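Student: Input: one structure, supplied below.
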2 protein chains.
Amino acid sequence: MNIGQASAASGVSTKMIRYYERTGLIKSADRSAAGYRVYTKSDVHTLQFIRRARDLGFSVAQIEDLLPLWNNRERASHDVKVLAMEHVEQLCAKVAEMEAMIATLKHLAENCTDDDRPDCPILKDLAEGRHGECASPPENRFGVARVG
Amino acid sequence: MNIGQASAASGVSTKMIRYYERTGLIKSADRSAAGYRVYTKSDVHTLQFIRRARDLGFSVAQIEDLLPLWNNRERASHDVKVLAMEHVEQLCAKVAEMEAMIATLKHLAENCTDDDRPDCPILKDLAEGRHGECASPPENRFGVARVG
DNA sequence: GCTTGACCTTGCCACGGTGGGAAGGAGTAA
DNA sequence: TTACTCCTTCCCACCGTGGCAAGGTCAAGC
């Protein structure tokens with residue numbers, strides 16, 4: 001199986017397959033006489049695993065921890081759960097940050113006259129940093145936010 | 001005022017001030033005889049504006065749209081509101097994606113024995129893509145997620 | 001004066017993931 | 001043979017931020 005087929009079967013682009021190989025996330029594929037990468041069903045299975053983990057928001061670094069657990073029959077399910085819950089924590093933190101931003105912006109937008117006059121609480125807030133003089137979650141007042 | 005003072009006063013790192021200048025987000029600063037960048041209170045004001053907009057999750061590209069509106073006394077508050085609400089939409093979309101991931105992961109983790117046995121619904125799901133054979137939001141089933 | 005230390009300058013490199021594209025080889029089908 | 005698709009490697013881009021290095025400047029203290 002060439003890289004194109006492995007890509008189609010796994011949903012991981014050829015670009016990314018080569019990238020994962022280069023960075024050591026997956027082992028180097030065997031090569032045909034002509035130098036083409038050759039994949040087995042098992043390799044595709046691994047790629048699918050990676051793809052699904054990415055879809056669930058795991059970083060490549062986290063998947064690096066997940067893969068050996070997946071391959072290790074001696075693993076403790078506890079270890080996996082710890083990784084998963086750590087990831088959930090990270091996701092929740094980001095969600096909380098964004099929720100705070102959304103709340104602030106919505107509040108500002110509500111006070112916006114929304115017409116052709118130049119008075120605008122949104123710009124005013126951005127300029128003066130008062131965050132609408134009310135109701136905005138405290139995390140936002142001190143620049144903690146920034147989701148990155 | 002040198003770049004260091006402008007940085008301290010605005011909360012934007014010197015690195016980022018130079019970056020914003022290089023990429024054209026802010027105008028090139030005047031220079032002293034020795035070539036040092038020189039800033040005015042007004043420049044600091046602009047940097048604070050940028051900083052607060054970043055804290056609210058606006059991208060640099062979005063701020064590029066916001067700045068002229070801020071500087072333009074003829075602006076219509078409607079235009080600002082549109083930009084802000086577009087941004088809120090984007091934030092909401094990301095939040096929804098992440099909430100879906102969180103829900104899926106939590107559901108999987110709940111079914112985890114959380115001990116030293118190797119059976120693990122989380123890894124099983126990642127390998128087989130059934131997403132816990134229930135309850136997971138449909139968006140997740142087909143790889144739509146992936147937050148970036 | 002001279003030294004020291006804090007500050008400034010530019011430049012390059014890195015991150016995480018992903019895509020684009022070029023230049024050239026390999027395979028396959030008509 | 002030709003034509004087309006696929007493969008290879010290599011470099012470049014995004015975005016926003018930080019780090020480090022080599023060198024210039026400035027102000028304070030001796």
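Following the order of the structure tokens, chains are lettered A, B, ..., residues in each are numbered from 1, and ligands are numbered from 1.
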Could you please write out, as a VMD selection string, every residue of chain B that DSSP assigns to strand (DSSP E or B)?
Tutor: chain B and resid 30 to 31 37 to 38
Student: How about saving the chosen residues, N, CA, C and O atoms kept, as a PDB file, in the first residue's frame?
Tutor:
```pdb
ATOM      1  N   ASP B  30       9.020  56.798  15.000  1.00  0.00           N
ATOM      2  CA  ASP B  30      10.136  57.716  14.753  1.00  0.00           C
ATOM      3  C   ASP B  30      11.375  57.179  15.457  1.00  0.00           C
ATOM      4  O   ASP B  30      11.270  56.385  16.395  1.00  0.00           O
ATOM      5  N   ARG B  31      12.544  57.673  14.992  1.00  0.00           N
ATOM      6  CA  ARG B  31      13.784  57.197  15.597  1.00  0.00           C
ATOM      7  C   ARG B  31      14.568  58.362  16.206  1.00  0.00           C
ATOM      8  O   ARG B  31      14.567  59.465  15.678  1.00  0.00           O
ATOM      9  N   ARG B  37      13.819  53.562  18.683  1.00  0.00           N
ATOM     10  CA  ARG B  37      12.422  53.892  18.410  1.00  0.00           C
ATOM     11  C   ARG B  37      11.897  54.822  19.503  1.00  0.00           C
ATOM     12  O   ARG B  37      12.170  54.608  20.682  1.00  0.00           O
ATOM     13  N   VAL B  38      11.124  55.809  19.106  1.00  0.00           N
ATOM     14  CA  VAL B  38      10.588  56.786  20.051  1.00  0.00           C
ATOM     15  C   VAL B  38       9.060  56.747  19.999  1.00  0.00           C
ATOM     16  O   VAL B  38       8.477  56.773  18.915  1.00  0.00           O
TER      17      VAL B  38
END
```
Student: Please identify all residues of chain B having at least one atom at most 12 Å from any atom of chain C, considering only C-alpha atoms (C1' of nucleotides), and return them as a list in words.
Tutor: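 In the required form, that comes to Asn2, Ile3, Gly4, Gln5, Thr14, Arg18, Arg31, Ser32, Ala34, Gly35, Tyr36, Arg37, Val38, Arg146, Val147 and Gly148 of chain B.
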Student: Just write the chosen residues, C-alpha atoms, as a PDB file, in the first residue's frame.
Tutor:
```pdb
ATOM      1  CA  ASN B   2      11.808  54.266  24.322  1.00  0.00           C
ATOM      2  CA  ILE B   3      10.411  50.917  23.348  1.00  0.00           C
ATOM      3  CA  GLY B   4      10.960  49.486  26.821  1.00  0.00           C
ATOM      4  CA  GLN B   5       8.853  52.152  28.458  1.00  0.00           C
ATOM      5  CA  THR B  14       9.056  44.802  22.860  1.00  0.00           C
ATOM      6  CA  ARG B  18       8.574  45.449  16.639  1.00  0.00           C
ATOM      7  CA  ARG B  31      13.784  57.197  15.597  1.00  0.00           C
ATOM      8  CA  SER B  32      16.167  59.039  17.865  1.00  0.00           C
ATOM      9  CA  ALA B  34      20.976  56.778  17.757  1.00  0.00           C
ATOM     10  CA  GLY B  35      18.279  54.845  15.942  1.00  0.00           C
ATOM     11  CA  TYR B  36      16.150  54.076  18.993  1.00  0.00           C
ATOM     12  CA  ARG B  37      12.422  53.892  18.410  1.00  0.00           C
ATOM     13  CA  VAL B  38      10.588  56.786  20.051  1.00  0.00           C
ATOM     14  CA  ARG B 146     -10.226  19.649  15.023  1.00  0.00           C
ATOM     15  CA  VAL B 147      -9.869  23.026  16.632  1.00  0.00           C
ATOM     16  CA  GLY B 148      -6.546  24.385  15.416  1.00  0.00           C
TER      17      GLY B 148
END
```
Student: Determine, using only C-alpha atoms (C1' of nucleotides), which residues of chain D have any atom at most 12 Å from an atom of chain A, and tabulate each with its shortest atom pair and distance in Å to one decimal place, rows ordered by chain and then rising number, as CSV.
Tutor:
```
residue,atom,partner,partner_atom,distance
D:DT5,C1',A:Gly4,CA,11.1
D:DC6,C1',A:Gly4,CA,7.9
D:DC7,C1',A:Tyr36,CA,6.2
D:DT8,C1',A:Tyr36,CA,7.4
D:DT9,C1',A:Arg18,CA,11.0
D:DC15,C1',A:Gly148,CA,9.3
D:DG16,C1',A:Gly148,CA,7.9
D:DT17,C1',A:Gly148,CA,9.5
```
Student: Both chains have the same sequence, so superpose chain B on chain A over all Cα atoms paired in order and return it as a short mmCIF file (atom, residue, chain, number, x, y, z; two decimals) with N, CA and C atoms, in the first residue's frame.
Tutor:
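That gives us selection_4.cif:
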```
data_model
loop_
_atom_site.label_atom_id
_atom_site.label_comp_id
_atom_site.auth_asym_id
_atom_site.auth_seq_id
_atom_site.Cartn_x
_atom_site.Cartn_y
_atom_site.Cartn_z
N MET B 1 0.85 -1.19 0.00
CA MET B 1 0.01 0.02 0.00
C MET B 1 0.89 1.28 0.01
N ASN B 2 0.67 2.15 -0.97
CA ASN B 2 1.44 3.40 -1.04
C ASN B 2 0.88 4.46 -0.10
N ILE B 3 1.59 5.57 -0.03
CA ILE B 3 1.18 6.60 0.92
C ILE B 3 -0.19 7.17 0.57
N GLY B 4 -0.49 7.26 -0.72
CA GLY B 4 -1.77 7.81 -1.13
C GLY B 4 -2.93 6.97 -0.64
N GLN B 5 -2.79 5.67 -0.79
CA GLN B 5 -3.84 4.77 -0.31
C GLN B 5 -3.96 4.82 1.22
N ALA B 6 -2.80 4.85 1.86
CA ALA B 6 -2.82 4.93 3.33
C ALA B 6 -3.51 6.21 3.77
N SER B 7 -3.24 7.27 3.05
CA SER B 7 -3.87 8.56 3.36
C SER B 7 -5.38 8.48 3.20
N ALA B 8 -5.81 7.97 2.06
CA ALA B 8 -7.25 7.86 1.80
C ALA B 8 -7.92 6.95 2.83
N ALA B 9 -7.24 5.88 3.20
CA ALA B 9 -7.84 4.92 4.12
C ALA B 9 -7.88 5.43 5.55
N SER B 10 -6.97 6.33 5.89
CA SER B 10 -6.87 6.77 7.28
C SER B 10 -7.45 8.16 7.50
N GLY B 11 -7.55 8.92 6.43
CA GLY B 11 -8.02 10.29 6.59
C GLY B 11 -6.93 11.25 7.01
N VAL B 12 -5.69 10.80 6.98
CA VAL B 12 -4.55 11.67 7.29
C VAL B 12 -3.88 12.04 5.97
N SER B 13 -3.64 13.31 5.73
CA SER B 13 -3.06 13.71 4.46
C SER B 13 -1.64 13.15 4.30
N THR B 14 -1.20 13.01 3.06
CA THR B 14 0.15 12.50 2.82
C THR B 14 1.17 13.42 3.47
N LYS B 15 0.93 14.70 3.39
CA LYS B 15 1.81 15.66 4.05
C LYS B 15 2.00 15.32 5.51
N MET B 16 0.89 15.08 6.16
CA MET B 16 0.95 14.86 7.60
C MET B 16 1.56 13.50 7.94
N ILE B 17 1.32 12.51 7.08
CA ILE B 17 1.94 11.21 7.32
C ILE B 17 3.46 11.36 7.30
N ARG B 18 3.97 12.07 6.29
CA ARG B 18 5.42 12.28 6.22
C ARG B 18 5.90 13.09 7.42
N TYR B 19 5.09 14.07 7.79
CA TYR B 19 5.46 14.89 8.95
C TYR B 19 5.53 14.05 10.22
N TYR B 20 4.54 13.21 10.44
CA TYR B 20 4.53 12.37 11.63
C TYR B 20 5.74 11.44 11.62
N GLU B 21 6.10 10.99 10.43
CA GLU B 21 7.28 10.11 10.35
C GLU B 21 8.55 10.90 10.67
N ARG B 22 8.65 12.06 10.08
CA ARG B 22 9.84 12.88 10.25
C ARG B 22 10.04 13.26 11.72
N THR B 23 8.95 13.56 12.41
CA THR B 23 9.07 14.00 13.79
C THR B 23 9.08 12.82 14.76
N GLY B 24 8.98 11.60 14.24
CA GLY B 24 9.13 10.45 15.12
C GLY B 24 7.85 9.97 15.79
N LEU B 25 6.70 10.56 15.45
CA LEU B 25 5.46 10.10 16.06
C LEU B 25 5.15 8.68 15.61
N ILE B 26 5.38 8.40 14.34
CA ILE B 26 5.21 7.04 13.83
C ILE B 26 6.57 6.54 13.34
N LYS B 27 6.71 5.24 13.27
CA LYS B 27 8.00 4.68 12.84
C LYS B 27 8.19 4.90 11.33
N SER B 28 9.41 4.92 10.90
CA SER B 28 9.69 5.11 9.48
C SER B 28 9.10 3.96 8.68
N ALA B 29 8.39 4.30 7.61
CA ALA B 29 7.77 3.27 6.79
C ALA B 29 8.85 2.53 6.00
N ASP B 30 8.57 1.26 5.72
CA ASP B 30 9.44 0.52 4.80
C ASP B 30 9.34 1.16 3.42
N ARG B 31 10.37 0.87 2.59
CA ARG B 31 10.37 1.46 1.25
C ARG B 31 10.36 0.36 0.18
N SER B 32 9.71 0.67 -0.91
CA SER B 32 9.77 -0.22 -2.07
C SER B 32 11.12 -0.03 -2.75
N ALA B 33 11.38 -0.84 -3.79
CA ALA B 33 12.65 -0.73 -4.51
C ALA B 33 12.85 0.69 -5.04
N ALA B 34 11.74 1.32 -5.46
CA ALA B 34 11.84 2.67 -6.02
C ALA B 34 11.89 3.76 -4.95
N GLY B 35 11.82 3.35 -3.69
CA GLY B 35 11.88 4.36 -2.64
C GLY B 35 10.52 4.82 -2.16
N TYR B 36 9.46 4.22 -2.66
CA TYR B 36 8.12 4.59 -2.21
C TYR B 36 7.88 4.04 -0.80
N ARG B 37 7.21 4.81 0.01
CA ARG B 37 6.83 4.32 1.34
C ARG B 37 5.75 3.24 1.19
N VAL B 38 5.87 2.20 1.97
CA VAL B 38 4.92 1.08 1.90
C VAL B 38 4.23 0.92 3.26
N TYR B 39 2.92 0.83 3.24
CA TYR B 39 2.16 0.74 4.49
C TYR B 39 1.34 -0.55 4.55
N THR B 40 1.16 -1.01 5.78
CA THR B 40 0.32 -2.19 6.02
C THR B 40 -1.01 -1.73 6.62
N LYS B 41 -1.94 -2.66 6.73
CA LYS B 41 -3.22 -2.35 7.37
C LYS B 41 -2.99 -1.87 8.80
N SER B 42 -2.01 -2.46 9.44
CA SER B 42 -1.72 -2.08 10.82
C SER B 42 -1.27 -0.62 10.90
N ASP B 43 -0.46 -0.22 9.91
CA ASP B 43 -0.03 1.18 9.88
C ASP B 43 -1.23 2.11 9.71
N VAL B 44 -2.14 1.70 8.83
CA VAL B 44 -3.34 2.51 8.61
C VAL B 44 -4.13 2.61 9.91
N HIS B 45 -4.18 1.52 10.63
CA HIS B 45 -4.89 1.50 11.90
C HIS B 45 -4.30 2.55 12.85
N THR B 46 -2.98 2.57 12.90
CA THR B 46 -2.30 3.56 13.74
C THR B 46 -2.63 4.98 13.29
N LEU B 47 -2.62 5.20 11.98
CA LEU B 47 -2.93 6.53 11.46
C LEU B 47 -4.35 6.94 11.80
N GLN B 48 -5.26 5.96 11.73
CA GLN B 48 -6.65 6.26 12.11
C GLN B 48 -6.73 6.65 13.58
N PHE B 49 -5.99 5.94 14.38
CA PHE B 49 -5.94 6.25 15.81
C PHE B 49 -5.50 7.71 16.01
N ILE B 50 -4.42 8.06 15.31
CA ILE B 50 -3.90 9.42 15.43
C ILE B 50 -4.94 10.42 14.96
N ARG B 51 -5.55 10.11 13.83
CA ARG B 51 -6.54 11.02 13.28
C ARG B 51 -7.67 11.27 14.27
N ARG B 52 -8.17 10.20 14.88
CA ARG B 52 -9.29 10.35 15.81
C ARG B 52 -8.87 11.10 17.07
N ALA B 53 -7.64 10.84 17.49
CA ALA B 53 -7.16 11.57 18.66
C ALA B 53 -7.04 13.06 18.33
N ARG B 54 -6.58 13.37 17.13
CA ARG B 54 -6.50 14.79 16.73
C ARG B 54 -7.90 15.40 16.69
N ASP B 55 -8.86 14.63 16.18
CA ASP B 55 -10.22 15.13 16.12
C ASP B 55 -10.76 15.43 17.51
N LEU B 56 -10.27 14.68 18.49
CA LEU B 56 -10.72 14.94 19.86
C LEU B 56 -9.84 16.01 20.51
N GLY B 57 -8.99 16.63 19.72
CA GLY B 57 -8.26 17.79 20.22
C GLY B 57 -6.95 17.47 20.93
N PHE B 58 -6.55 16.20 20.93
CA PHE B 58 -5.26 15.89 21.53
C PHE B 58 -4.15 16.49 20.68
N SER B 59 -3.12 17.02 21.33
CA SER B 59 -1.97 17.51 20.59
C SER B 59 -1.12 16.34 20.15
N VAL B 60 -0.23 16.58 19.21
CA VAL B 60 0.66 15.52 18.77
C VAL B 60 1.50 15.03 19.96
N ALA B 61 1.91 15.94 20.80
CA ALA B 61 2.70 15.54 21.97
C ALA B 61 1.90 14.61 22.87
N GLN B 62 0.62 14.89 23.03
CA GLN B 62 -0.21 14.02 23.86
C GLN B 62 -0.39 12.66 23.21
N ILE B 63 -0.52 12.67 21.90
CA ILE B 63 -0.68 11.41 21.19
C ILE B 63 0.59 10.57 21.34
N GLU B 64 1.69 11.25 21.42
CA GLU B 64 2.96 10.55 21.63
C GLU B 64 2.92 9.74 22.94
N ASP B 65 2.20 10.25 23.91
CA ASP B 65 2.03 9.51 25.17
C ASP B 65 0.98 8.42 25.02
N LEU B 66 -0.04 8.71 24.22
CA LEU B 66 -1.16 7.79 24.08
C LEU B 66 -0.77 6.53 23.30
N LEU B 67 0.02 6.71 22.26
CA LEU B 67 0.34 5.58 21.38
C LEU B 67 0.98 4.39 22.09
N PRO B 68 2.02 4.62 22.90
CA PRO B 68 2.60 3.45 23.58
C PRO B 68 1.60 2.75 24.49
N LEU B 69 0.72 3.52 25.11
CA LEU B 69 -0.29 2.89 25.96
C LEU B 69 -1.21 2.01 25.11
N TRP B 70 -1.50 2.51 23.93
CA TRP B 70 -2.38 1.76 23.05
C TRP B 70 -1.71 0.45 22.63
N ASN B 71 -0.42 0.53 22.38
CA ASN B 71 0.32 -0.64 21.91
C ASN B 71 0.71 -1.59 23.04
N ASN B 72 0.61 -1.11 24.25
CA ASN B 72 1.08 -1.88 25.39
C ASN B 72 -0.05 -2.66 26.04
N ARG B 73 0.02 -3.97 25.95
CA ARG B 73 -1.05 -4.79 26.51
C ARG B 73 -1.03 -4.82 28.02
N GLU B 74 0.07 -4.38 28.59
CA GLU B 74 0.20 -4.36 30.05
C GLU B 74 -0.33 -3.05 30.65
N ARG B 75 -0.77 -2.19 29.78
CA ARG B 75 -1.15 -0.86 30.26
C ARG B 75 -2.24 -0.91 31.33
N ALA B 76 -2.28 0.12 32.10
CA ALA B 76 -3.36 0.28 33.08
C ALA B 76 -4.33 1.32 32.54
N SER B 77 -5.61 0.99 32.58
CA SER B 77 -6.58 1.93 32.03
C SER B 77 -6.53 3.25 32.80
N HIS B 78 -6.08 3.15 34.04
CA HIS B 78 -5.96 4.36 34.85
C HIS B 78 -5.05 5.39 34.17
N ASP B 79 -3.92 4.93 33.64
CA ASP B 79 -2.96 5.84 33.00
C ASP B 79 -3.60 6.59 31.83
N VAL B 80 -4.41 5.85 31.07
CA VAL B 80 -5.06 6.49 29.93
C VAL B 80 -6.05 7.53 30.42
N LYS B 81 -6.79 7.15 31.45
CA LYS B 81 -7.80 8.08 31.96
C LYS B 81 -7.16 9.37 32.45
N VAL B 82 -6.01 9.23 33.09
CA VAL B 82 -5.31 10.42 33.58
C VAL B 82 -4.97 11.34 32.42
N LEU B 83 -4.41 10.78 31.37
CA LEU B 83 -4.07 11.60 30.20
C LEU B 83 -5.31 12.26 29.61
N ALA B 84 -6.37 11.46 29.50
CA ALA B 84 -7.59 11.99 28.91
C ALA B 84 -8.16 13.13 29.76
N MET B 85 -8.14 12.93 31.06
CA MET B 85 -8.74 13.95 31.91
C MET B 85 -7.87 15.21 31.98
N GLU B 86 -6.57 15.03 31.89
CA GLU B 86 -5.70 16.20 31.78
C GLU B 86 -6.07 17.01 30.55
N HIS B 87 -6.30 16.28 29.47
CA HIS B 87 -6.66 16.94 28.23
C HIS B 87 -8.01 17.65 28.38
N VAL B 88 -8.94 17.00 29.04
CA VAL B 88 -10.24 17.63 29.27
C VAL B 88 -10.06 18.92 30.07
N GLU B 89 -9.18 18.86 31.05
CA GLU B 89 -8.90 20.07 31.84
C GLU B 89 -8.44 21.22 30.95
N GLN B 90 -7.50 20.89 30.07
CA GLN B 90 -6.97 21.93 29.18
C GLN B 90 -8.08 22.49 28.30
N LEU B 91 -8.88 21.59 27.76
CA LEU B 91 -9.98 22.05 26.91
C LEU B 91 -10.93 22.94 27.70
N CYS B 92 -11.24 22.52 28.91
CA CYS B 92 -12.18 23.29 29.73
C CYS B 92 -11.62 24.69 30.02
N ALA B 93 -10.33 24.73 30.27
CA ALA B 93 -9.72 26.03 30.55
C ALA B 93 -9.86 26.96 29.35
N LYS B 94 -9.59 26.42 28.19
CA LYS B 94 -9.71 27.25 26.99
C LYS B 94 -11.15 27.69 26.76
N VAL B 95 -12.05 26.75 26.98
CA VAL B 95 -13.46 27.09 26.81
C VAL B 95 -13.85 28.21 27.77
N ALA B 96 -13.38 28.12 28.99
CA ALA B 96 -13.74 29.14 29.98
C ALA B 96 -13.21 30.50 29.53
N GLU B 97 -11.98 30.53 29.05
CA GLU B 97 -11.42 31.79 28.57
C GLU B 97 -12.29 32.37 27.46
N MET B 98 -12.64 31.52 26.54
CA MET B 98 -13.40 32.01 25.40
C MET B 98 -14.80 32.42 25.79
N GLU B 99 -15.39 31.68 26.73
CA GLU B 99 -16.72 32.06 27.20
C GLU B 99 -16.66 33.46 27.82
N ALA B 100 -15.59 33.72 28.55
CA ALA B 100 -15.45 35.04 29.17
C ALA B 100 -15.35 36.12 28.10
N MET B 101 -14.58 35.85 27.08
CA MET B 101 -14.47 36.82 25.98
C MET B 101 -15.82 37.04 25.34
N ILE B 102 -16.52 35.94 25.08
CA ILE B 102 -17.82 36.04 24.43
C ILE B 102 -18.77 36.88 25.27
N ALA B 103 -18.77 36.61 26.57
CA ALA B 103 -19.68 37.34 27.46
C ALA B 103 -19.37 38.83 27.41
N THR B 104 -18.09 39.15 27.50
CA THR B 104 -17.71 40.57 27.47
C THR B 104 -18.14 41.21 26.15
N LEU B 105 -17.83 40.55 25.06
CA LEU B 105 -18.15 41.12 23.76
C LEU B 105 -19.65 41.28 23.56
N LYS B 106 -20.40 40.27 24.01
CA LYS B 106 -21.85 40.35 23.84
C LYS B 106 -22.41 41.51 24.65
N HIS B 107 -21.87 41.64 25.85
CA HIS B 107 -22.35 42.74 26.69
C HIS B 107 -22.06 44.08 26.03
N LEU B 108 -20.85 44.21 25.49
CA LEU B 108 -20.50 45.47 24.82
C LEU B 108 -21.38 45.69 23.60
N ALA B 109 -21.60 44.63 22.86
CA ALA B 109 -22.38 44.78 21.63
C ALA B 109 -23.82 45.17 21.93
N GLU B 110 -24.34 44.67 23.06
CA GLU B 110 -25.71 45.01 23.43
C GLU B 110 -25.87 46.50 23.65
N ASN B 111 -24.80 47.11 24.17
CA ASN B 111 -24.87 48.54 24.46
C ASN B 111 -24.53 49.38 23.23
N CYS B 112 -24.33 48.72 22.14
CA CYS B 112 -23.95 49.42 20.92
C CYS B 112 -25.21 49.95 20.25
N THR B 113 -25.18 51.19 19.79
CA THR B 113 -26.37 51.76 19.16
C THR B 113 -26.65 51.09 17.83
N ASP B 114 -25.62 50.52 17.24
CA ASP B 114 -25.78 49.74 16.01
C ASP B 114 -26.35 50.58 14.88
N ASP B 115 -25.91 51.82 14.77
CA ASP B 115 -26.40 52.65 13.68
C ASP B 115 -25.22 53.37 13.03
N ASP B 116 -25.50 54.52 12.43
CA ASP B 116 -24.40 55.20 11.73
C ASP B 116 -23.75 56.28 12.59
N ARG B 117 -24.08 56.27 13.88
CA ARG B 117 -23.40 57.22 14.77
C ARG B 117 -22.07 56.64 15.23
N PRO B 118 -21.13 57.48 15.53
CA PRO B 118 -19.80 56.98 15.86
C PRO B 118 -19.62 56.50 17.30
N ASP B 119 -20.56 56.77 18.18
CA ASP B 119 -20.40 56.33 19.57
C ASP B 119 -20.42 54.82 19.62
N CYS B 120 -19.39 54.24 20.21
CA CYS B 120 -19.33 52.79 20.20
C CYS B 120 -18.69 52.27 21.47
N PRO B 121 -19.48 51.60 22.29
CA PRO B 121 -18.93 51.10 23.56
C PRO B 121 -17.83 50.07 23.35
N ILE B 122 -17.87 49.39 22.24
CA ILE B 122 -16.87 48.35 22.00
C ILE B 122 -15.49 48.98 21.85
N LEU B 123 -15.42 49.96 20.96
CA LEU B 123 -14.14 50.64 20.76
C LEU B 123 -13.73 51.38 22.02
N LYS B 124 -14.71 51.96 22.69
CA LYS B 124 -14.42 52.69 23.91
C LYS B 124 -13.78 51.76 24.93
N ASP B 125 -14.34 50.60 25.04
CA ASP B 125 -13.79 49.65 25.99
C ASP B 125 -12.39 49.22 25.60
N LEU B 126 -12.19 48.95 24.33
CA LEU B 126 -10.87 48.53 23.89
C LEU B 126 -9.84 49.63 24.16
N ALA B 127 -10.28 50.87 24.02
CA ALA B 127 -9.36 51.98 24.22
C ALA B 127 -9.10 52.23 25.70
N GLU B 128 -10.14 52.08 26.51
CA GLU B 128 -10.00 52.48 27.91
C GLU B 128 -9.87 51.31 28.87
N GLY B 129 -10.19 50.13 28.40
CA GLY B 129 -9.98 48.95 29.22
C GLY B 129 -10.89 48.84 30.41
N ARG B 130 -12.05 49.49 30.37
CA ARG B 130 -12.94 49.36 31.51
C ARG B 130 -13.86 48.16 31.36
N HIS B 131 -13.82 47.54 30.23
CA HIS B 131 -14.66 46.38 29.97
C HIS B 131 -16.11 46.62 30.34
N GLY B 132 -16.63 47.68 29.76
CA GLY B 132 -18.05 47.96 29.87
C GLY B 132 -18.49 48.40 31.26
N GLU B 133 -17.59 48.82 32.06
CA GLU B 133 -17.81 49.25 33.44
C GLU B 133 -18.74 48.36 34.25
N CYS B 134 -18.86 47.12 33.86
CA CYS B 134 -19.64 46.19 34.67
C CYS B 134 -19.56 44.78 34.12
N ALA B 135 -20.06 43.88 34.89
CA ALA B 135 -20.45 42.55 34.43
C ALA B 135 -19.40 41.69 33.74
N SER B 136 -18.26 42.22 33.43
CA SER B 136 -17.32 41.34 32.74
C SER B 136 -16.58 40.50 33.78
N PRO B 137 -16.33 39.27 33.44
CA PRO B 137 -15.67 38.37 34.39
C PRO B 137 -14.30 38.93 34.75
N PRO B 138 -13.92 38.81 36.01
CA PRO B 138 -12.69 39.44 36.47
C PRO B 138 -11.44 38.97 35.73
N GLU B 139 -11.43 37.71 35.27
CA GLU B 139 -10.21 37.23 34.59
C GLU B 139 -9.84 38.16 33.45
N ASN B 140 -10.86 38.71 32.84
CA ASN B 140 -10.59 39.50 31.66
C ASN B 140 -9.98 40.86 31.95
N ARG B 141 -10.16 41.31 33.15
CA ARG B 141 -9.71 42.66 33.46
C ARG B 141 -8.19 42.80 33.43
N PHE B 142 -7.52 41.71 33.64
CA PHE B 142 -6.07 41.86 33.82
C PHE B 142 -5.26 41.09 32.80
N GLY B 143 -5.87 40.92 31.65
CA GLY B 143 -5.09 40.34 30.55
C GLY B 143 -4.72 38.89 30.75
N VAL B 144 -5.48 38.18 31.55
CA VAL B 144 -5.17 36.77 31.72
C VAL B 144 -5.55 35.97 30.47
N ALA B 145 -6.61 36.44 29.86
CA ALA B 145 -7.23 35.66 28.79
C ALA B 145 -6.28 35.19 27.70
N ARG B 146 -6.38 35.71 26.56
CA ARG B 146 -5.53 35.37 25.41
C ARG B 146 -5.43 33.88 25.16
N VAL B 147 -6.24 33.40 24.25
CA VAL B 147 -6.31 31.96 24.05
C VAL B 147 -5.20 31.33 23.22
N GLY B 148 -4.55 31.90 22.36
CA GLY B 148 -3.50 31.16 21.64
C GLY B 148 -4.09 30.32 20.60
#
```
Student: To test your reading of the structure, identify every residue in range 8-122 of chain A that backbone DSSP assigns to helix (DSSP H, G or I), and report it as JSON, numbers by chain.
Tutor: {"A": [8, 9, 10, 14, 15, 16, 17, 18, 19, 20, 21, 22, 41, 42, 43, 44, 45, 46, 47, 48, 49, 50, 51, 52, 53, 54, 55, 60, 61, 62, 63, 64, 65, 66, 67, 68, 69, 70, 71, 77, 78, 79, 80, 81, 82, 83, 84, 85, 86, 87, 88, 89, 90, 91, 92, 93, 94, 95, 96, 97, 98, 99, 100, 101, 102, 103, 104, 105, 106, 107, 108, 109, 110, 121, 122]}
